[in-house]
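J.: Just so it is clear, I am handing over target-v1.tsv, which has TSV, C-alpha atoms.
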chain	number	residue	atom	x	y	z
A	1	MET	CA	0.00	0.00	0.00
A	2	GLU	CA	2.83	2.40	0.86
A	3	LYS	CA	4.49	1.59	-2.45
A	4	ASN	CA	1.30	2.42	-4.34
A	5	ASN	CA	0.93	5.67	-2.43
A	6	LEU	CA	4.54	6.57	-3.20
A	7	LEU	CA	4.09	5.82	-6.90
A	8	TRP	CA	0.91	7.87	-6.93
A	9	LYS	CA	2.64	10.77	-5.17
A	10	ASN	CA	5.64	10.65	-7.52
A	11	MET	CA	3.40	10.56	-10.56
A	12	LEU	CA	1.42	13.60	-9.36
A	13	ILE	CA	4.65	15.49	-8.69
A	14	LYS	CA	5.93	14.67	-12.19
A	15	VAL	CA	2.66	15.74	-13.78
A	16	GLY	CA	2.70	18.98	-11.78
A	17	ILE	CA	6.25	19.78	-12.85
A	18	ILE	CA	5.41	19.07	-16.50
A	19	VAL	CA	2.42	21.40	-16.30
A	20	ILE	CA	4.59	24.13	-14.75
A	21	ILE	CA	7.18	23.72	-17.52
A	22	ALA	CA	4.44	23.97	-20.17
A	23	LEU	CA	3.12	27.15	-18.57
A	24	LEU	CA	6.64	28.57	-18.35
A	25	MET	CA	6.81	28.25	-22.14
A	26	LEU	CA	4.27	31.07	-22.24
A	27	ILE	CA	7.13	33.47	-21.48
A	28	PRO	CA	9.15	32.80	-24.66
A	29	LEU	CA	5.89	32.48	-26.60
A	30	SER	CA	4.89	35.98	-25.49
A	31	MET	CA	8.32	37.25	-26.59
A	32	VAL	CA	7.72	35.77	-30.04
A	33	ARG	CA	4.27	37.40	-30.14
A	34	ASN	CA	5.85	40.74	-29.25
A	35	SER	CA	8.26	40.31	-32.16
A	36	VAL	CA	5.33	39.51	-34.46
A	37	ALA	CA	3.47	42.60	-33.24
A	38	GLU	CA	6.55	44.77	-33.80
A	39	ARG	CA	7.03	43.48	-37.34
A	40	SER	CA	3.33	43.97	-38.04
A	41	HIS	CA	3.52	47.55	-36.72
A	42	ASN	CA	6.52	48.28	-38.95
A	43	HIS	CA	4.60	46.86	-41.90
A	44	THR	CA	1.60	49.09	-41.13
A	45	GLU	CA	3.83	52.17	-40.85
A	46	THR	CA	5.43	51.33	-44.19
A	47	VAL	CA	2.00	50.96	-45.80
A	48	ASN	CA	0.87	54.31	-44.37
A	49	ASP	CA	4.07	56.01	-45.50
A	50	ILE	CA	3.76	54.72	-49.06
A	51	THR	CA	0.05	55.45	-49.39
A	52	LYS	CA	0.59	58.96	-48.02
A	53	SER	CA	2.81	59.67	-51.03
A	54	TRP	CA	0.98	57.56	-53.61
A	55	GLY	CA	-2.64	58.18	-52.61
A	56	SER	CA	-4.86	56.84	-49.86
A	57	SER	CA	-8.41	55.48	-49.92
A	58	GLN	CA	-10.61	57.44	-52.29
A	59	VAL	CA	-14.29	58.38	-51.92
A	60	PHE	CA	-15.99	60.28	-54.77
A	61	ALA	CA	-19.18	62.33	-54.53
A	62	GLY	CA	-20.57	64.23	-57.48
A	63	PRO	CA	-20.05	66.29	-59.41
A	64	TRP	CA	-22.74	68.69	-58.20
A	65	ILE	CA	-23.44	72.40	-58.60
A	66	SER	CA	-23.00	74.72	-55.62
A	67	TYR	CA	-24.29	78.30	-55.60
A	68	LYS	CA	-25.38	81.08	-53.23
A	69	TYR	CA	-28.44	83.30	-53.32
A	70	THR	CA	-29.75	86.14	-51.17
A	71	THR	CA	-33.10	86.23	-49.38
A	72	GLY	CA	-34.83	89.10	-47.56
A	73	LYS	CA	-34.29	92.86	-47.87
A	74	ASP	CA	-32.03	95.43	-46.29
A	75	LYS	CA	-31.06	94.36	-42.75
A	76	ASP	CA	-32.89	91.03	-43.14
A	77	LYS	CA	-30.78	89.96	-46.07
A	78	GLU	CA	-29.30	86.51	-45.71
A	79	THR	CA	-26.98	84.55	-47.96
A	80	VAL	CA	-28.06	80.96	-48.41
A	81	LYS	CA	-26.05	78.08	-49.88
A	82	ALA	CA	-27.84	75.69	-52.21
A	83	GLY	CA	-26.92	72.83	-54.50
A	84	ILE	CA	-28.14	70.98	-57.57
A	85	TYR	CA	-27.45	67.28	-57.79
A	86	PRO	CA	-27.40	65.25	-61.01
A	87	ASP	CA	-30.54	63.67	-62.39
A	88	SER	CA	-28.36	60.92	-63.77
A	89	LEU	CA	-24.83	60.09	-62.65
A	90	LYS	CA	-22.66	57.39	-64.19
A	91	TYR	CA	-19.11	56.36	-63.29
A	92	VAL	CA	-17.11	54.20	-65.68
A	93	VAL	CA	-14.01	53.11	-63.78
A	94	ASN	CA	-11.05	51.07	-65.01
A	95	THR	CA	-8.65	50.20	-62.19
A	96	SER	CA	-5.20	48.65	-62.54
A	97	SER	CA	-3.29	47.44	-59.51
A	98	GLN	CA	0.39	47.04	-58.72
A	99	VAL	CA	2.60	46.20	-55.76
A	100	LEU	CA	5.09	48.73	-54.42
A	101	HIS	CA	8.13	47.44	-52.53
A	102	ARG	CA	10.01	48.98	-49.65
A	103	SER	CA	12.60	46.98	-47.74
A	104	ILE	CA	10.98	43.60	-47.02
A	105	TYR	CA	7.40	44.91	-47.28
A	106	ASP	CA	4.95	44.83	-50.19
A	107	VAL	CA	2.10	47.35	-50.54
A	108	PRO	CA	-0.69	46.87	-53.13
A	109	VAL	CA	-1.97	50.12	-54.69
A	110	TYR	CA	-4.13	51.05	-57.67
A	111	THR	CA	-4.54	53.60	-60.45
A	112	SER	CA	-8.06	54.36	-61.68
A	113	GLU	CA	-9.18	55.98	-64.89
A	114	LEU	CA	-12.59	57.55	-64.33
A	115	CYS	CA	-15.11	58.85	-66.81
A	116	ILE	CA	-18.03	60.49	-65.01
A	117	SER	CA	-21.06	61.60	-66.98
A	118	GLY	CA	-24.61	62.74	-66.36
A	119	SER	CA	-26.86	65.78	-66.48
A	120	PHE	CA	-28.33	68.53	-64.30
A	121	THR	CA	-31.72	70.18	-64.44
A	122	LEU	CA	-31.61	73.89	-63.54
A	123	ASP	CA	-33.82	75.06	-60.70
A	124	LYS	CA	-35.61	78.43	-60.68
A	125	ARG	CA	-32.93	80.33	-58.73
A	126	LEU	CA	-29.69	79.53	-60.53
A	127	PRO	CA	-30.48	81.16	-63.94
A	128	GLY	CA	-31.00	84.47	-62.18
A	129	ILE	CA	-27.64	84.22	-60.39
A	130	GLY	CA	-25.66	83.20	-63.45
A	131	THR	CA	-22.49	81.91	-61.74
A	132	ALA	CA	-21.83	78.85	-59.61
A	133	ASP	CA	-19.26	76.14	-58.93
A	134	LEU	CA	-19.15	72.63	-60.30
A	135	ILE	CA	-17.75	70.52	-57.44
A	136	LEU	CA	-16.39	66.99	-57.32
A	137	ASN	CA	-15.73	65.85	-53.76
A	138	MET	CA	-12.91	63.37	-53.24
A	139	ASP	CA	-10.78	62.34	-50.27
A	140	ASP	CA	-7.15	62.61	-51.39
A	141	LEU	CA	-6.13	65.15	-54.04
A	142	LYS	CA	-2.49	63.99	-53.90
A	143	GLY	CA	-3.51	60.92	-55.87
A	144	ILE	CA	-4.56	62.88	-58.97
A	145	GLN	CA	-2.43	62.27	-62.07
A	146	GLY	CA	-2.29	65.09	-64.58
A	147	ASN	CA	-5.13	67.57	-65.04
A	148	PRO	CA	-8.75	66.48	-64.67
A	149	ILE	CA	-11.04	67.62	-67.47
A	150	PHE	CA	-14.45	69.09	-66.58
A	151	VAL	CA	-16.90	69.72	-69.41
A	152	LEU	CA	-20.34	71.24	-68.75
A	153	ASP	CA	-22.86	71.80	-71.53
A	154	GLY	CA	-20.12	71.44	-74.16
A	155	GLN	CA	-17.78	73.96	-72.48
A	156	GLU	CA	-14.49	72.90	-70.87
A	157	LEU	CA	-13.99	74.46	-67.44
A	158	LYS	CA	-10.88	75.52	-65.56
A	159	VAL	CA	-10.35	73.16	-62.62
A	160	LYS	CA	-8.78	74.04	-59.29
A	161	SER	CA	-8.66	72.54	-55.80
A	162	GLY	CA	-11.48	73.20	-53.38
A	163	ASP	CA	-12.15	72.66	-49.69
A	164	LYS	CA	-13.06	68.98	-50.08
A	165	GLY	CA	-12.04	68.13	-53.61
A	166	LEU	CA	-12.06	69.80	-57.02
A	167	LYS	CA	-14.14	72.69	-58.29
A	168	ALA	CA	-14.61	74.73	-61.46
A	169	GLU	CA	-16.40	78.01	-61.80
A	170	ILE	CA	-19.29	78.00	-64.29
A	171	THR	CA	-21.15	80.82	-65.98
A	172	LEU	CA	-24.56	80.01	-67.38
A	173	LYS	CA	-25.63	81.16	-70.82
A	174	GLU	CA	-27.79	84.28	-70.95
A	175	ASP	CA	-30.77	82.34	-72.25
A	176	ALA	CA	-30.54	79.69	-69.51
A	177	ALA	CA	-33.91	79.02	-67.89
A	178	GLU	CA	-35.48	76.85	-65.24
A	179	GLY	CA	-35.80	73.27	-66.41
A	180	ASP	CA	-32.91	73.42	-68.86
A	181	THR	CA	-30.72	70.31	-68.95
A	182	LEU	CA	-26.95	70.64	-68.67
A	183	PRO	CA	-24.94	67.52	-69.60
A	184	PHE	CA	-21.50	67.08	-68.10
A	185	THR	CA	-18.46	64.83	-68.31
A	186	VAL	CA	-15.46	64.53	-66.03
A	187	THR	CA	-12.39	62.51	-66.99
A	188	MET	CA	-9.47	62.00	-64.66
A	189	LYS	CA	-6.81	59.58	-63.54
A	190	VAL	CA	-6.19	59.01	-59.85
A	191	ASN	CA	-3.96	56.91	-57.60
A	192	GLY	CA	-5.23	55.28	-54.44
A	193	SER	CA	-4.91	52.35	-52.09
A	194	GLU	CA	-7.03	49.96	-50.04
A	195	SER	CA	-10.48	51.12	-51.22
A	196	LEU	CA	-12.45	53.02	-53.86
A	197	PHE	CA	-15.92	54.21	-52.81
A	198	PHE	CA	-18.69	56.42	-54.21
A	199	LYS	CA	-21.61	58.41	-52.81
A	200	PRO	CA	-24.91	58.04	-54.72
A	201	VAL	CA	-25.71	61.76	-55.05
A	202	GLY	CA	-27.56	61.40	-58.35
A	203	SER	CA	-31.27	60.70	-58.67
A	204	LEU	CA	-29.99	57.57	-60.38
A	205	THR	CA	-26.37	56.59	-59.76
A	206	GLU	CA	-24.67	53.94	-61.87
A	207	VAL	CA	-21.12	52.61	-61.47
A	208	GLU	CA	-19.40	50.22	-63.85
A	209	MET	CA	-16.00	49.08	-62.60
A	210	THR	CA	-13.37	46.78	-64.06
A	211	SER	CA	-10.10	45.85	-62.37
A	212	ASP	CA	-7.25	43.39	-62.58
A	213	TYR	CA	-7.24	42.93	-58.79
A	214	PRO	CA	-8.21	39.33	-57.87
A	215	ASN	CA	-9.29	39.81	-54.23
A	216	PRO	CA	-12.03	42.46	-54.07
A	217	SER	CA	-14.32	42.95	-51.10
A	218	PHE	CA	-17.55	44.73	-52.01
A	219	GLY	CA	-18.88	46.81	-49.16
A	220	GLY	CA	-20.75	49.87	-48.03
A	221	ASP	CA	-24.50	50.46	-48.02
A	222	PHE	CA	-25.13	48.81	-51.40
A	223	LEU	CA	-23.77	45.69	-53.08
A	224	PRO	CA	-23.31	45.32	-56.85
A	225	VAL	CA	-26.30	44.22	-58.92
A	226	GLU	CA	-23.81	42.39	-61.15
A	227	ARG	CA	-20.36	41.05	-60.38
A	228	ASP	CA	-17.82	38.69	-61.89
A	229	VAL	CA	-14.72	37.87	-59.82
A	230	ARG	CA	-11.97	35.96	-61.59
A	231	GLU	CA	-8.35	35.09	-60.96
A	232	ASP	CA	-7.28	37.85	-63.35
A	233	GLY	CA	-9.56	40.54	-61.87
A	234	PHE	CA	-13.21	41.47	-61.55
A	235	THR	CA	-16.06	43.48	-63.04
A	236	ALA	CA	-18.92	44.95	-61.03
A	237	LYS	CA	-21.95	47.14	-61.60
A	238	TRP	CA	-24.04	49.17	-59.15
A	239	LEU	CA	-27.39	50.79	-59.96
A	240	ILE	CA	-28.84	52.90	-57.15
A	241	SER	CA	-31.94	55.08	-57.04
A	242	GLN	CA	-32.16	58.00	-54.65
A	243	ILE	CA	-35.61	56.88	-53.48
A	244	THR	CA	-33.95	53.98	-51.64
A	245	MET	CA	-32.09	56.22	-49.18
A	246	ALA	CA	-32.89	59.02	-46.76
A	247	SER	CA	-29.64	60.98	-47.21
A	248	PRO	CA	-27.34	60.32	-50.20
A	249	SER	CA	-24.43	62.11	-48.54
A	250	SER	CA	-24.45	59.64	-45.64
A	251	ASN	CA	-24.44	56.56	-47.88
A	252	SER	CA	-21.51	55.10	-49.75
A	253	PHE	CA	-20.59	51.94	-51.60
A	254	GLY	CA	-17.68	50.50	-53.49
A	255	VAL	CA	-14.88	48.01	-53.25
A	256	ARG	CA	-11.98	47.36	-50.93
A	257	LEU	CA	-8.89	45.97	-52.56
A	258	VAL	CA	-8.25	43.55	-49.75
A	259	ARG	CA	-4.69	42.50	-49.14
A	260	PRO	CA	-4.34	38.77	-48.61
A	261	VAL	CA	-3.79	38.03	-44.94
A	262	THR	CA	-0.27	39.19	-44.14
A	263	GLN	CA	2.36	36.73	-42.96
A	264	TYR	CA	2.43	38.52	-39.62
A	265	ARG	CA	-1.28	38.05	-39.10
A	266	GLN	CA	-0.96	34.36	-39.94
A	267	THR	CA	2.09	33.95	-37.68
A	268	GLU	CA	0.22	35.68	-34.85
A	269	ARG	CA	-2.68	33.24	-35.33
A	270	ALA	CA	-0.24	30.31	-35.35
A	271	THR	CA	1.25	31.35	-31.99
A	272	LYS	CA	-2.21	31.05	-30.41
A	273	TYR	CA	-1.90	27.30	-30.89
A	274	GLY	CA	1.59	27.23	-29.34
A	275	LEU	CA	0.56	26.26	-25.82
A	276	LEU	CA	-1.83	23.64	-27.21
A	277	ILE	CA	0.98	21.92	-29.15
A	278	ILE	CA	3.30	22.06	-26.14
A	279	PHE	CA	0.70	20.43	-23.89
A	280	LEU	CA	-0.10	17.77	-26.48
A	281	VAL	CA	3.57	16.83	-26.96
A	282	PHE	CA	4.20	16.85	-23.20
A	283	ILE	CA	1.14	14.66	-22.55
A	284	ALA	CA	2.23	12.28	-25.31
A	285	GLY	CA	5.74	12.21	-23.85
A	286	PHE	CA	4.41	11.38	-20.39
A	287	VAL	CA	2.22	8.61	-21.79
A	288	VAL	CA	5.21	7.22	-23.69
A	289	GLU	CA	7.20	7.28	-20.44
A	290	ILE	CA	4.61	5.07	-18.79
A	291	VAL	CA	3.99	2.69	-21.68
A	292	SER	CA	7.58	2.29	-22.90
A	293	LYS	CA	9.25	2.33	-19.44
A	294	LYS	CA	11.67	5.01	-20.75
A	295	PRO	CA	11.82	8.07	-18.46
A	296	ILE	CA	12.04	11.62	-19.77
A	297	ASN	CA	13.56	13.92	-17.18
A	298	ILE	CA	12.65	17.50	-16.45
A	299	ILE	CA	15.58	19.03	-18.32
A	300	GLN	CA	14.60	17.08	-21.41
A	301	TYR	CA	11.03	18.41	-21.18
A	302	LEU	CA	12.49	21.92	-21.03
A	303	VAL	CA	14.54	21.28	-24.18
A	304	ILE	CA	11.48	19.86	-25.96
A	305	GLY	CA	9.40	22.90	-24.96
A	306	ALA	CA	12.13	25.32	-26.11
A	307	SER	CA	12.30	23.54	-29.47
A	308	LEU	CA	8.54	23.83	-29.92
A	309	VAL	CA	8.72	27.57	-29.19
A	310	MET	CA	11.70	28.02	-31.53
A	311	PHE	CA	9.42	26.89	-34.36
A	312	TYR	CA	7.58	30.23	-34.21
A	313	SER	CA	10.81	32.23	-34.32
A	314	LEU	CA	11.86	30.28	-37.40
A	315	LEU	CA	8.44	30.85	-38.95
A	316	LEU	CA	8.61	34.60	-38.35
A	317	ALA	CA	12.17	34.87	-39.67
A	318	PHE	CA	11.50	32.93	-42.88
A	319	SER	CA	8.17	34.66	-43.56
A	320	ASP	CA	9.95	38.00	-43.96
A	321	PHE	CA	11.38	36.71	-47.24
A	322	LEU	CA	9.22	33.73	-48.28
A	323	SER	CA	5.52	33.00	-48.54
A	324	PHE	CA	3.82	31.94	-45.33
A	325	GLY	CA	3.12	28.42	-46.59
A	326	LEU	CA	6.73	27.77	-47.58
A	327	SER	CA	8.01	29.37	-44.36
A	328	TYR	CA	5.68	27.18	-42.30
A	329	LEU	CA	6.86	24.05	-44.13
A	330	ILE	CA	10.56	24.84	-43.63
A	331	ALA	CA	10.13	25.70	-39.93
A	332	ALA	CA	7.98	22.60	-39.30
A	333	VAL	CA	10.43	20.26	-41.05
A	334	MET	CA	13.43	21.72	-39.17
A	335	THR	CA	11.66	21.47	-35.80
A	336	THR	CA	10.29	17.97	-36.44
A	337	VAL	CA	13.65	16.59	-37.61
A	338	ALA	CA	15.48	18.12	-34.63
A	339	LEU	CA	12.94	16.79	-32.13
A	340	GLY	CA	12.87	13.41	-33.90
A	341	GLY	CA	16.60	12.97	-33.38
A	342	TYR	CA	16.22	14.09	-29.78
A	343	PHE	CA	13.36	11.64	-29.11
A	344	ILE	CA	15.40	8.79	-30.57
A	345	GLY	CA	18.29	9.67	-28.27
A	346	ILE	CA	15.99	9.75	-25.21
A	347	VAL	CA	13.57	6.87	-25.74
A	348	LYS	CA	15.74	4.64	-27.99
A	349	ASN	CA	12.80	2.62	-29.37
A	350	LYS	CA	9.82	2.79	-31.74
A	351	TRP	CA	7.99	5.20	-29.44
A	352	ALA	CA	10.42	7.94	-30.53
A	353	TYR	CA	9.03	7.68	-34.05
A	354	LEU	CA	5.50	7.92	-32.65
A	355	LEU	CA	6.36	11.16	-30.84
A	356	THR	CA	8.04	12.54	-33.97
A	357	GLY	CA	4.99	11.64	-36.05
A	358	LEU	CA	2.77	13.37	-33.47
A	359	VAL	CA	4.79	16.60	-33.78
A	360	ALA	CA	4.58	16.47	-37.59
A	361	LEU	CA	0.86	15.69	-37.44
A	362	ALA	CA	0.24	18.56	-35.00
A	363	TYR	CA	1.97	21.06	-37.27
A	364	GLY	CA	0.07	19.74	-40.27
A	365	ILE	CA	-3.30	20.02	-38.53
A	366	ILE	CA	-2.52	23.49	-37.17
A	367	TYR	CA	-1.67	24.64	-40.70
A	368	ILE	CA	-5.03	23.37	-41.90
A	369	LEU	CA	-6.75	25.20	-39.04
A	370	LEU	CA	-4.94	28.40	-40.03
A	371	GLN	CA	-6.48	28.17	-43.50
A	372	MET	CA	-9.95	27.85	-42.02
A	373	GLU	CA	-12.05	30.66	-40.61
A	374	THR	CA	-15.60	29.55	-39.91
A	375	PHE	CA	-14.82	25.96	-38.88
A	376	ALA	CA	-11.47	26.47	-37.13
A	377	PHE	CA	-12.89	26.21	-33.60
A	378	LEU	CA	-15.00	23.16	-34.45
A	379	ALA	CA	-12.07	21.38	-36.11
A	380	GLY	CA	-9.75	22.21	-33.21
A	381	THR	CA	-12.24	20.91	-30.65
A	382	LEU	CA	-12.72	17.65	-32.57
A	383	LEU	CA	-8.93	17.27	-32.77
A	384	LEU	CA	-8.59	17.58	-29.00
A	385	PHE	CA	-11.37	15.04	-28.51
A	386	ILE	CA	-9.64	12.53	-30.82
A	387	ILE	CA	-6.32	12.99	-29.02
A	388	LEU	CA	-8.06	12.48	-25.67
A	389	CYS	CA	-9.59	9.25	-26.97
A	390	ILE	CA	-6.15	8.03	-28.09
A	391	ILE	CA	-4.70	8.77	-24.64
A	392	MET	CA	-7.63	6.93	-23.04
A	393	LEU	CA	-6.93	3.95	-25.31
A	394	LEU	CA	-3.25	3.82	-24.41
A	395	THR	CA	-3.86	4.11	-20.68
A	396	ARG	CA	-7.06	2.03	-20.37
A	397	ASN	CA	-5.30	-0.93	-18.72
A	398	LEU	CA	-2.94	1.12	-16.57
A	399	LYS	CA	-3.32	0.56	-12.82
A	400	LEU	CA	-1.89	2.42	-9.89
A	401	ASP	CA	0.42	-0.46	-8.95
A	402	ASP	CA	1.56	-0.97	-12.55
A	403	PRO	CA	5.37	-1.33	-12.52
A	404	ARG	CA	5.52	0.90	-15.58
A	405	LEU	CA	4.90	3.84	-13.30
A	406	ALA	CA	8.27	3.26	-11.67
A	407	PRO	CA	10.31	5.02	-14.38
A	408	ALA	CA	8.40	8.20	-13.67
A	409	LYS	CA	9.69	8.04	-10.10
A	410	LYS	CA	13.19	7.36	-11.38
A	411	SER	CA	13.15	10.37	-13.66
A	412	ILE	CA	12.12	12.60	-10.75
A	413	ASP	CA	14.95	11.26	-8.65
A	414	GLU	CA	17.38	11.90	-11.49
A	415	ALA	CA	16.14	15.45	-11.91
A	416	SER	CA	16.47	16.13	-8.20
A	417	GLU	CA	20.06	14.96	-8.26
Could the structure of this file be written out as structure tokens, please?

T.:
Amino acid sequence: MEKNNLLWKNMLIKVGIIVIIALLMLIPLSMVRNSVAERSHNHTETVNDITKSWGSSQVFAGPWISYKYTTGKDKDKETVKAGIYPDSLKYVVNTSSQVLHRSIYDVPVYTSELCISGSFTLDKRLPGIGTADLILNMDDLKGIQGNPIFVLDGQELKVKSGDKGLKAEITLKEDAAEGDTLPFTVTMKVNGSESLFFKPVGSLTEVEMTSDYPNPSFGGDFLPVERDVREDGFTAKWLISQITMASPSSNSFGVRLVRPVTQYRQTERATKYGLLIIFLVFIAGFVVEIVSKKPINIIQYLVIGASLVMFYSLLLAFSDFLSFGLSYLIAAVMTTVALGGYFIGIVKNKWAYLLTGLVALAYGIIYILLQMETFAFLAGTLLLFIILCIIMLLTRNLKLDDPRLAPAKKSIDEASE
């Protein structure tokens, strides 16, 4: 009875120490995560720096006509701002993308050629005033290439920068009257990054967009009525009536040129599974100790844990220069081979190959989980359940007085020495 109690006590002590070692691995894991966060921050700063010079996200609204008129008499006079929005507004947009490089970072950007057309209907006030401004609101004027061309009622206008975009002064013809229709066209070329959006300020707003970018994300208040996403790009069409919205200026729609998930984001997700892999390998090692009668001492568990953490440093280092998939493969093979040789030196039997296979399998399954979004949690939970069932199978006939528990006691004694 005393022997059984001693074996039980030694086994609990060994399990406790293994758990403590696994938890201690959180320290180097957090250091790796800090390195990932730092690299990710540097990448974001590089993206912001490049887009600041090239052109940032663009949002277009208009063109529309802005004018002022006076109400009241003498001291009661008041200047009022008013606007005329297009009856019809159509954007034809052709967007080409490219990748800019700085140091080890890649930044996708785009150049868009826009042809904007439509028409205005004059209200009763504007013909009496005679002058007004044709305004095209946009977010980042630095992205404009060359000189935009504004044409209103067959007359080309002189364009200059305004408070929130571009504007051109217009002078109506002497015979202009309420109800007259003024057609317009705007052609321009603009640089941007990340997204291209529009505000549906026309009574009927239509956007036809083509692009060579293969990973669009359509967003905003309205989705395309037609879309075709291919490996070599996409086409999309929006058709929006003003009667579907309360305030056109508060609505927007368009496309985000989504960057594929960066290597730093994927590495950060991979580190979240770090403690899980460490616990699985440690549990498997403890089970192998019991079944194979080959003890693994505390120092060896520390080395195994350090090797498992080193995988993430290798992954981060390689992913600066290679694709995430290739970096993951290289880091996993290096770690698995190193641990395989170590397991063979410790256990010196077929169980070493089982542990090596478990490490390789764990990295393979984690990679699959990283490619999943919706079902990642479900798949991970099922994996843990299967591993638990395997451990239950291996230990189903193990009893407290089983002599195979003795090596665990021996390993503790060795560690204490």

J.: Around the point (-11.3, 39.6, -56.2) (coordinates from the file), which residues reach within 12 Å if we count all atoms listed in the file? Answer as a PyMOL selection string.

T.: chain A and resi 97+210-218+227-236+255-260

J.: Looking at A:Val281, A:Val19, A:Tyr301, A:Thr51, which one is nearest to Leu355 (chain A), with distances taken over only C-alpha atoms?

T.: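 Using only C-alpha atoms, Leu355 (chain A) sits closest to A:Val281.
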
J.: At what distance in Å, to one decimal, does CA of Ile135 (chain A) lie from CA of Val151 (chain A)?

T.: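 Separation of CA of Val151 (chain A) and CA of Ile135 (chain A): 12.0 Å.
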
J.: Tell me which of A:Ala338, A:Ala331, A:Leu172, A:Val190 sits closest to Tyr312 (chain A), counting all atoms listed in the file.

T.: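 Closest to Tyr312 (chain A), using all atoms listed in the file: A:Ala331.
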
J.: Would you list the residues near (-33.1, 78.1, -63.4) (no more than 7 Å away, in the coordinates of the file, using only C-alpha atoms) as number ranges by chain?

T.: A: 122-128, 176-179

J.: Which residue out of A:Ser112, A:Thr95, A:Gln58, A:Thr71 has the minimum interatomic distance to Asn137 (chain A) when only C-alpha atoms are used?

T.: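 Among the listed residues, the smallest separation from Asn137 (chain A) belongs to A:Gln58.
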
J.: Given the choices A:Val347, A:Tyr363, A:Glu113, A:Thr79, which gets closest to Pro295 (chain A) if the distance is worked out from only C-alpha atoms?

T.: A:Val347

J.: Ranking A:Leu114, A:Ile129, A:Leu141, A:Leu308 by minimum distance to Ser53 (chain A) and counting all atoms listed in the file, which one comes first?

T.: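 Nearest to Ser53 (chain A): A:Leu141.
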
J.: I'd like to know which of A:Leu134, A:Ala168, A:Ile116, A:Val359 is closest to Thr185 (chain A), using only C-alpha atoms.

T.: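 Looking at the shortest contact to Thr185 (chain A), the residue is A:Ile116.
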
J.: Which distance in Å separates CA of Ser119 (chain A) and CA of Gly192 (chain A), to one decimal?

T.: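 Distance reported for this atom pair: 26.9 Å.
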
J.: Give me the residues near Phe318 (chain A) as a list in words, where near means some atom within 12 Å (using only C-alpha atoms) and where sequence neighbours in that chain fewer than 3 positions away do not count.

T.: Ile104, Gln263, Tyr264, Thr267, Phe311, Tyr312, Ser313, Leu314, Leu315, Phe321, Leu322, Ser323, Phe324, Gly325, Leu326, Ser327, Tyr328, Leu329, Ile330, Ala331, Ala332 and Met334 of chain A

J.: Just C-alpha atoms for this one: save the residues we selected as a tab-separated table (two decimals), in the frame of the given file.

T.:
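The result, stored in out-v9.tsv:
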chain	number	residue	atom	x	y	z
A	104	ILE	CA	10.98	43.60	-47.02
A	263	GLN	CA	2.36	36.73	-42.96
A	264	TYR	CA	2.43	38.52	-39.62
A	267	THR	CA	2.09	33.95	-37.68
A	311	PHE	CA	9.42	26.89	-34.36
A	312	TYR	CA	7.58	30.23	-34.21
A	313	SER	CA	10.81	32.23	-34.32
A	314	LEU	CA	11.86	30.28	-37.40
A	315	LEU	CA	8.44	30.85	-38.95
A	321	PHE	CA	11.38	36.71	-47.24
A	322	LEU	CA	9.22	33.73	-48.28
A	323	SER	CA	5.52	33.00	-48.54
A	324	PHE	CA	3.82	31.94	-45.33
A	325	GLY	CA	3.12	28.42	-46.59
A	326	LEU	CA	6.73	27.77	-47.58
A	327	SER	CA	8.01	29.37	-44.36
A	328	TYR	CA	5.68	27.18	-42.30
A	329	LEU	CA	6.86	24.05	-44.13
A	330	ILE	CA	10.56	24.84	-43.63
A	331	ALA	CA	10.13	25.70	-39.93
A	332	ALA	CA	7.98	22.60	-39.30
A	334	MET	CA	13.43	21.72	-39.17

J.: Which residues come within 8 Å of region 81-83 of chain A, counting only C-alpha atoms, excluding same-chain residues fewer than 3 positions away, as a list in words?

T.: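 The contact residues come out as Trp64, Ile65, Ser66, Tyr67, Lys68 and Tyr69 of chain A.
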
J.: Give me the residues near Tyr105 (chain A) as a list in words, where near means some atom within 10 Å (using all atoms listed in the file) and where sequence neighbours in that chain fewer than 6 positions away do not count.

T.: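 Surrounding residues, per the criterion: Asn42, His43, Thr44, Thr46, Val47, Val99, Asp320 and Phe321 of chain A.
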
J.: So which residues touch Asp221 (chain A) within 7 Å, counting all atoms listed in the file, skipping near sequence neighbours fewer than 3 positions away, as a list in words?

T.: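 Residues near the query, excluding close chain neighbours: Asn251, Ser252 and Phe253 of chain A.
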
J.: Please list as a list in words every residue within 10 Å of Arg269 (chain A), counting only C-alpha atoms and excluding residues in the same chain fewer than 5 positions away.

T.: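 Contacts, with the query itself left out: Arg33, Gln263, Tyr264, Gly274, Ile366, Leu369 and Leu370 of chain A.
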
J.: Output C-alpha atoms of each residue in that selection to a file, as an mmCIF file, in the frame of the given file.

T.:
data_model
loop_
_atom_site.group_PDB
_atom_site.id
_atom_site.type_symbol
_atom_site.label_atom_id
_atom_site.label_comp_id
_atom_site.auth_asym_id
_atom_site.auth_seq_id
_atom_site.Cartn_x
_atom_site.Cartn_y
_atom_site.Cartn_z
ATOM 1 C CA ARG A 33 4.270 37.400 -30.140
ATOM 2 C CA GLN A 263 2.360 36.730 -42.960
ATOM 3 C CA TYR A 264 2.430 38.520 -39.620
ATOM 4 C CA GLY A 274 1.590 27.230 -29.340
ATOM 5 C CA ILE A 366 -2.520 23.490 -37.170
ATOM 6 C CA LEU A 369 -6.750 25.200 -39.040
ATOM 7 C CA LEU A 370 -4.940 28.400 -40.030
#

J.: Grab the CA of Phe60 (chain A) to CA of Lys199 (chain A) distance for me, in Å with one decimal place.

T.: 6.2 Å
